[in-house]
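In what follows, a structure is listed as structure tokens, so that the remarks can point back to it.
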Amino acid sequence: MNMRSFWWMALAFTLVWIWLEWMKFSAPVTEPATTPAQVSAQSNASMSAPTDVPGAHSAAPQSGAVPVAQTAMQRAQRIHVTTDTLDLIIDTVGGDIRDAKLLEYGASHDPSQPFHLMSDEGALLYVAQNGIATQATAKLPAPNHKAIYQAAQTRYEMSGDTLVVPLTWEQDGVKVTKTYTFKKGQYLIDVAYQVENQTDQAWSGSLYSQLVRNRHNPEESWMMYTYTGPVLYDGHAEEKYVKHSFDDLMSEPVQGKVVTGGWGAMIQQYFLTAIIPDQQAQNNYYAKPLDQGRYAVGVVEPLVTVAPGAQGELRSQIYIGPEKQDELAEIAPGLELTIDYGMLTFLAEPLFWLLKQIHNLVGNWGVAIILLTLLIKLVFYKLSETSYRSMARLKKFQPKLQQLKENYGDDKVVFQQKMMKLYKEEKINPLGGCLPIFIQMPVFIALYWVLLYSVEMRQAPFMLWIEDLSAQDPYFILPIIMGITMYIQQKLNPSAMMDEMQQKVMKALPFIFTLFFLWFPAGLVLYWVVNNILSVAQQWYITKKIEAGEDK
């Protein structure tokens with residue numbers, strides 16, 4: 001096998017690897033085996049955890065059933081909340097967050113409008129709910145996510161550093177004030193339940209929070225698969241971060257997963273919602289299908305008791321916003337893992353850090369991609385040089401190889417012997433470029449995931465006609481340039497070892513790859529274009545030196 005055919009096989013292998021990584025996102029995830037200690041913890045938790053979390057016994061839809069439109073949820077008074085980062089609708093039924101727009105991020109179809117992440121209207125159902133669950137034997141009531149709250153006003157707008165939105169509920173001597181607290185510049189929302197027990201009996205209840213959505217994702221791309229669905233995090237488990245896809249939940253719902261701290265989330269490309277309970281408490285997580293094509297991921301926090309005539313408080317947090325590594329890492333342990341680079345995270349994270357530092361200097365993500373590609377090329381220059389030198393030497397002796405093929409092509413054994421003898425005499429290593437290519441592959445693929453999952457690339461302009469690095473090139477100029485550079489690089493490689501059919505296949509590859517990259521985000525194609533141009537320049541330089549006899 002000559003270096004030219006191997007190089008193209010390496011590229012094909014890269015794309016296959018990427019495809020396999022796509023498949024890993026949607027493949028069923030096996031939950032780690034439960035240890036005896038966990039069984040004991042779950043048993044102890046069940047003694048105090050409430051048993052009547054609404055929806056716990058809801059009928060699951062049939063596997064694969066996806067509704068055309070969601071069934072309308074119960075509504076009461078709608079409260080419009082606006083901060084500098086969020087535009088929310090809270091319903092007094094349960095005090096749910098029913099609608100969320102991110103003001104700093106434009107809609108995909110119209111960047112002048114805010115990105116619409118959550119909704120309880122139309123095809124998408126995606127809401128954040130919480131409430132207080134009581135045990136079956138409890139004598140005093142508590143508001144769950146179906147309770148009706150009272151609100152002092154229907155519109156709240158941030159004017160300072162903090163915005164507080166209180167809702168009240170009262171029944172049978174128990175008064176609960178549910179308060180959302182928003183802070184300027186943040187997507188993290190504090191949720192507090194102030195319980196006033198005005199009776200002569202002890203009150204007890206557990207705060208539960210859940211994210212409910214259907215499968216519909218208006219942002220989903222048929223070409224670029226990214227995971228959408230529930231995830232759970234257990235910082236003390238061997239496998240800390242686990243995806244539980246909608247399909248998985250149909251056959252393997254998660255119930256009674258007791259974790260110290262942890263969090264649960266619904267994620268999609270660039271954005272997420274997450275529930276962050278008390279990180280010191282023993283929290284009980286679940287993820288399961290509900291009815292009408294809905295799915296829930298949530299947590300039940302420890303039981304709280306409020307003495308007669310006393311007050312108590314239950315607290316949690318909800319994050320509704322972009323997947324930004326630095327901010328997520330500060331909110332909760334492991335929350336930055338929702339930016340999922342898969343098995344190459346150890347390479348992808350430093351690559352993103354470097355890309356971000358370059359951007360801080362140049363102020364343009366497209367230029368940052370170009371400079372990062374150049375730095376990667378410099379790091380691997382010597383390895384690439386070894387590969388290109390092997391191919392250049394093969395190309396230099398291509399006439400001799402062609403002559404051997406004409407003389408001994410009918411006798412494969414003799415042909416192989418003569419060819420190996422030539423390699424030995426001319427000090428040519430036909431596999432000399434293999435190792436450099438394989439060493440670089442993980443870096444290329446890690447950068448691929450960085451560019452695919454970095455919200456910073458979303459709607460980031462580059463120059464001229466490229467106004468969004470996360471969207472496809474509107475005029476397909478970059479993919480065409482990439483195809484041209486692949487064709488040029490193909491011409492620099494030897495072809496004497498190939499039969500006629502192989503040569504035809506190789507000639508078709510630049511056109512096939514160009515077609516494949518037409519729908520890739522412009523940022524990814526930009527990386528490949530720059531990488532190809534640098535590769536062509538390096539290979540041309542080395543080939544000319546060897547042909548001139550300057551490189552021995």
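Each chain in the structure tokens gets a letter, A, B and so on, in the order shown; residues start at 1 in every chain, and ligands are counted from 1 in the order they appear.
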Within 9 Å of Leu337 of chain A, counting only C-alpha atoms, which residues qualify if same-chain residues fewer than 3 places away don't, as a ChimeraX atom specification? /A:241,325,328-329,334,340-341,345
Let me see the file: selected residues, all heavy atoms, as a PDB file, in the first residue's frame.
```pdb
ATOM      1  N   TYR A 241     -20.983  10.994  34.892  1.00  0.00           N
ATOM      2  CA  TYR A 241     -21.913  11.696  33.998  1.00  0.00           C
ATOM      3  C   TYR A 241     -22.558  10.672  33.072  1.00  0.00           C
ATOM      4  O   TYR A 241     -21.867  10.011  32.297  1.00  0.00           O
ATOM      5  CB  TYR A 241     -21.126  12.736  33.205  1.00  0.00           C
ATOM      6  CG  TYR A 241     -21.908  13.489  32.163  1.00  0.00           C
ATOM      7  CD1 TYR A 241     -22.698  14.573  32.494  1.00  0.00           C
ATOM      8  CD2 TYR A 241     -21.833  13.133  30.812  1.00  0.00           C
ATOM      9  CE1 TYR A 241     -23.393  15.277  31.526  1.00  0.00           C
ATOM     10  CE2 TYR A 241     -22.510  13.828  29.841  1.00  0.00           C
ATOM     11  CZ  TYR A 241     -23.297  14.905  30.205  1.00  0.00           C
ATOM     12  OH  TYR A 241     -23.975  15.610  29.251  1.00  0.00           O
ATOM     13  N   GLN A 325     -18.431  26.832  29.498  1.00  0.00           N
ATOM     14  CA  GLN A 325     -17.630  26.005  30.390  1.00  0.00           C
ATOM     15  C   GLN A 325     -17.291  26.693  31.706  1.00  0.00           C
ATOM     16  O   GLN A 325     -17.500  26.124  32.787  1.00  0.00           O
ATOM     17  CB  GLN A 325     -16.339  25.583  29.689  1.00  0.00           C
ATOM     18  CG  GLN A 325     -16.530  24.491  28.675  1.00  0.00           C
ATOM     19  CD  GLN A 325     -15.206  23.907  28.210  1.00  0.00           C
ATOM     20  OE1 GLN A 325     -14.248  23.872  28.964  1.00  0.00           O
ATOM     21  NE2 GLN A 325     -15.158  23.467  26.973  1.00  0.00           N
ATOM     22  N   LEU A 328     -20.385  27.265  34.031  1.00  0.00           N
ATOM     23  CA  LEU A 328     -20.990  26.035  34.536  1.00  0.00           C
ATOM     24  C   LEU A 328     -20.118  25.385  35.595  1.00  0.00           C
ATOM     25  O   LEU A 328     -20.624  24.845  36.588  1.00  0.00           O
ATOM     26  CB  LEU A 328     -21.235  25.058  33.383  1.00  0.00           C
ATOM     27  CG  LEU A 328     -22.250  25.502  32.322  1.00  0.00           C
ATOM     28  CD1 LEU A 328     -22.362  24.444  31.229  1.00  0.00           C
ATOM     29  CD2 LEU A 328     -23.620  25.756  32.937  1.00  0.00           C
ATOM     30  N   ALA A 329     -18.809  25.418  35.419  1.00  0.00           N
ATOM     31  CA  ALA A 329     -17.893  24.799  36.373  1.00  0.00           C
ATOM     32  C   ALA A 329     -17.985  25.458  37.743  1.00  0.00           C
ATOM     33  O   ALA A 329     -17.748  24.808  38.773  1.00  0.00           O
ATOM     34  CB  ALA A 329     -16.462  24.880  35.852  1.00  0.00           C
ATOM     35  N   GLY A 334     -18.922  19.266  38.011  1.00  0.00           N
ATOM     36  CA  GLY A 334     -19.247  18.447  36.850  1.00  0.00           C
ATOM     37  C   GLY A 334     -20.257  19.027  35.895  1.00  0.00           C
ATOM     38  O   GLY A 334     -20.533  18.425  34.849  1.00  0.00           O
ATOM     39  N   ASP A 340     -20.386  18.145  25.966  1.00  0.00           N
ATOM     40  CA  ASP A 340     -19.927  16.762  25.901  1.00  0.00           C
ATOM     41  C   ASP A 340     -18.978  16.514  24.739  1.00  0.00           C
ATOM     42  O   ASP A 340     -19.397  16.386  23.598  1.00  0.00           O
ATOM     43  CB  ASP A 340     -21.141  15.831  25.804  1.00  0.00           C
ATOM     44  CG  ASP A 340     -20.792  14.410  26.183  1.00  0.00           C
ATOM     45  OD1 ASP A 340     -19.592  14.081  26.172  1.00  0.00           O
ATOM     46  OD2 ASP A 340     -21.705  13.638  26.494  1.00  0.00           O
ATOM     47  N   TYR A 341     -17.676  16.434  25.064  1.00  0.00           N
ATOM     48  CA  TYR A 341     -16.681  16.128  24.048  1.00  0.00           C
ATOM     49  C   TYR A 341     -16.395  14.628  23.959  1.00  0.00           C
ATOM     50  O   TYR A 341     -15.494  14.216  23.229  1.00  0.00           O
ATOM     51  CB  TYR A 341     -15.370  16.859  24.363  1.00  0.00           C
ATOM     52  CG  TYR A 341     -15.486  18.363  24.382  1.00  0.00           C
ATOM     53  CD1 TYR A 341     -14.868  19.112  25.379  1.00  0.00           C
ATOM     54  CD2 TYR A 341     -16.202  19.045  23.404  1.00  0.00           C
ATOM     55  CE1 TYR A 341     -14.952  20.493  25.406  1.00  0.00           C
ATOM     56  CE2 TYR A 341     -16.298  20.426  23.427  1.00  0.00           C
ATOM     57  CZ  TYR A 341     -15.665  21.143  24.437  1.00  0.00           C
ATOM     58  OH  TYR A 341     -15.758  22.513  24.458  1.00  0.00           O
ATOM     59  N   THR A 345     -12.390  14.258  25.723  1.00  0.00           N
ATOM     60  CA  THR A 345     -12.507  15.462  26.547  1.00  0.00           C
ATOM     61  C   THR A 345     -11.145  15.952  27.018  1.00  0.00           C
ATOM     62  O   THR A 345     -10.886  17.157  27.077  1.00  0.00           O
ATOM     63  CB  THR A 345     -13.411  15.181  27.760  1.00  0.00           C
ATOM     64  OG1 THR A 345     -14.726  14.858  27.292  1.00  0.00           O
ATOM     65  CG2 THR A 345     -13.510  16.396  28.671  1.00  0.00           C
TER      66      THR A 345
END
```
Of the candidates A:Glu170, A:Glu196, A:Asp87, A:Asp234, which one gets nearest to Phe182 of chain A if we count only C-alpha atoms?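 Looking only at the distances to Phe182 of chain A, the closest residue turns out to be A:Asp87.
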Each segment 302-400 of chain A residue no farther than 7 Å from segment 272-276 of chain A, nearest pair in Å, only C-alpha atoms, as a Markdown table:
```
| residue | atom | partner | partner_atom | distance |
| --- | --- | --- | --- | --- |
| A:Ser316 | CA | A:Ile276 | CA | 6.2 |
| A:Gln317 | CA | A:Ile276 | CA | 5.1 |
| A:Ile318 | CA | A:Ile275 | CA | 4.8 |
| A:Tyr319 | CA | A:Ala274 | CA | 5.0 |
| A:Ile320 | CA | A:Thr273 | CA | 4.6 |
| A:Gly321 | CA | A:Leu272 | CA | 5.9 |
| A:Pro322 | CA | A:Leu272 | CA | 6.3 |
| A:Glu323 | CA | A:Leu272 | CA | 6.5 |
```
If DSSP is run on the backbone, what residues of segment 123-350 of chain A are alpha helix (DSSP H)? A reply as a ChimeraX atom specification would be ideal. /A:246-251,325-331,345-350
Pick from A:Val367, A:Ala537, A:Val379, A:Leu249 nearest to Met463 of chain A, counting only C-alpha atoms: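 The closest residue to Met463 of chain A is A:Val367.
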Atom CA of Gln74 of chain A and atom CA of Pro166 of chain A, how far apart in Å?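 Interatomic distance here is 20.5 Å.
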Shell around Trp169 of chain A at 8 Å using only C-alpha atoms, local window under 6 positions removed, as a ChimeraX atom specification: /A:143,147-150,175-177
For N, CA and C atoms, I'd like the residues from the last selection saved as a compact mmCIF listing (two decimals), in the first residue's frame.
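The new file part.txt reads:
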```
# COMPACT_ATOMS: atom_id res chain seq x y z
N PRO A 143 -48.03 22.53 48.81
CA PRO A 143 -48.31 22.81 47.39
C PRO A 143 -47.39 22.02 46.46
N ALA A 147 -50.65 22.93 42.36
CA ALA A 147 -51.31 23.88 43.26
C ALA A 147 -51.41 25.26 42.60
N ILE A 148 -52.42 26.03 43.01
CA ILE A 148 -52.63 27.37 42.46
C ILE A 148 -52.07 28.40 43.43
N TYR A 149 -51.12 29.21 42.96
CA TYR A 149 -50.52 30.27 43.77
C TYR A 149 -51.19 31.61 43.48
N GLN A 150 -50.93 32.53 44.37
CA GLN A 150 -51.39 33.90 44.19
C GLN A 150 -50.17 34.78 43.93
N LYS A 175 -48.95 28.23 55.36
CA LYS A 175 -48.71 29.25 54.34
C LYS A 175 -47.32 29.04 53.75
N VAL A 176 -47.27 29.01 52.42
CA VAL A 176 -46.00 28.80 51.72
C VAL A 176 -45.77 29.96 50.75
N THR A 177 -44.60 30.55 50.84
CA THR A 177 -44.20 31.59 49.90
C THR A 177 -43.08 31.04 49.03
```
Need the shell around Leu534 of chain A: protein/DNA/RNA residues with any atom at most 10 Å away, counting only C-alpha atoms. Skip same-chain ones fewer than 6 positions apart. Format as number ranges by chain? A: 373-374, 377-378, 485, 528, 540
Create the file for the chosen residues now, containing C-alpha atoms and written as a PDB file, in the first residue's frame.
```
ATOM      1  CA  THR A 373      -5.017  25.375  13.188  1.00  0.00           C
ATOM      2  CA  LEU A 374      -1.649  26.968  12.421  1.00  0.00           C
ATOM      3  CA  LYS A 377       0.235  22.330  12.391  1.00  0.00           C
ATOM      4  CA  LEU A 378       3.427  23.698  13.941  1.00  0.00           C
ATOM      5  CA  THR A 485      -7.250  21.783  -1.839  1.00  0.00           C
ATOM      6  CA  TRP A 528     -10.381  21.780   7.289  1.00  0.00           C
ATOM      7  CA  TRP A 540       4.789  20.828  -1.937  1.00  0.00           C
TER       8      TRP A 540
END
```
Could you pull the residues within 10 Å of Leu355 of chain A, counting only C-alpha atoms, minus those fewer than 5 positions along the same chain, as a VMD selection string? chain A and resid 349 to 350 360 365 367 to 373 447 450 to 451
Pairwise distance for atom CA of Gly363 of chain A and atom CA of Gln459 of chain A, rounded to one decimal in Å: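 Going from atom CA of Gly363 of chain A over to atom CA of Gln459 of chain A, I get 14.4 Å.
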Top pick for closest residue to Ala522 of chain A, considering A:Gln255, A:Gln538, A:Leu469, A:Met486 and counting only C-alpha atoms: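 Smallest distance to Ala522 of chain A is found for A:Leu469.
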Top pick for closest residue to Asn364 of chain A, considering A:Val195, A:Val258, A:Ile480, A:Met457 and counting only C-alpha atoms: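 Going through A:Val195, A:Val258, A:Ile480, A:Met457 one by one, the smallest distance to Asn364 of chain A is for A:Met457.
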Neighbour list for Pro114 of chain A as an MDAnalysis selection string, cut-off 6 Å, only C-alpha atoms, skip fewer than 5 positions in-chain: chainID A and resid 101:103 105:107
Taking into account only C-alpha atoms, which residue in the set A:Phe246, A:Tyr286, A:Tyr233, A:Trp465 is nearest to Thr260 of chain A?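 That would be A:Tyr233, the residue with the smallest distance to Thr260 of chain A.
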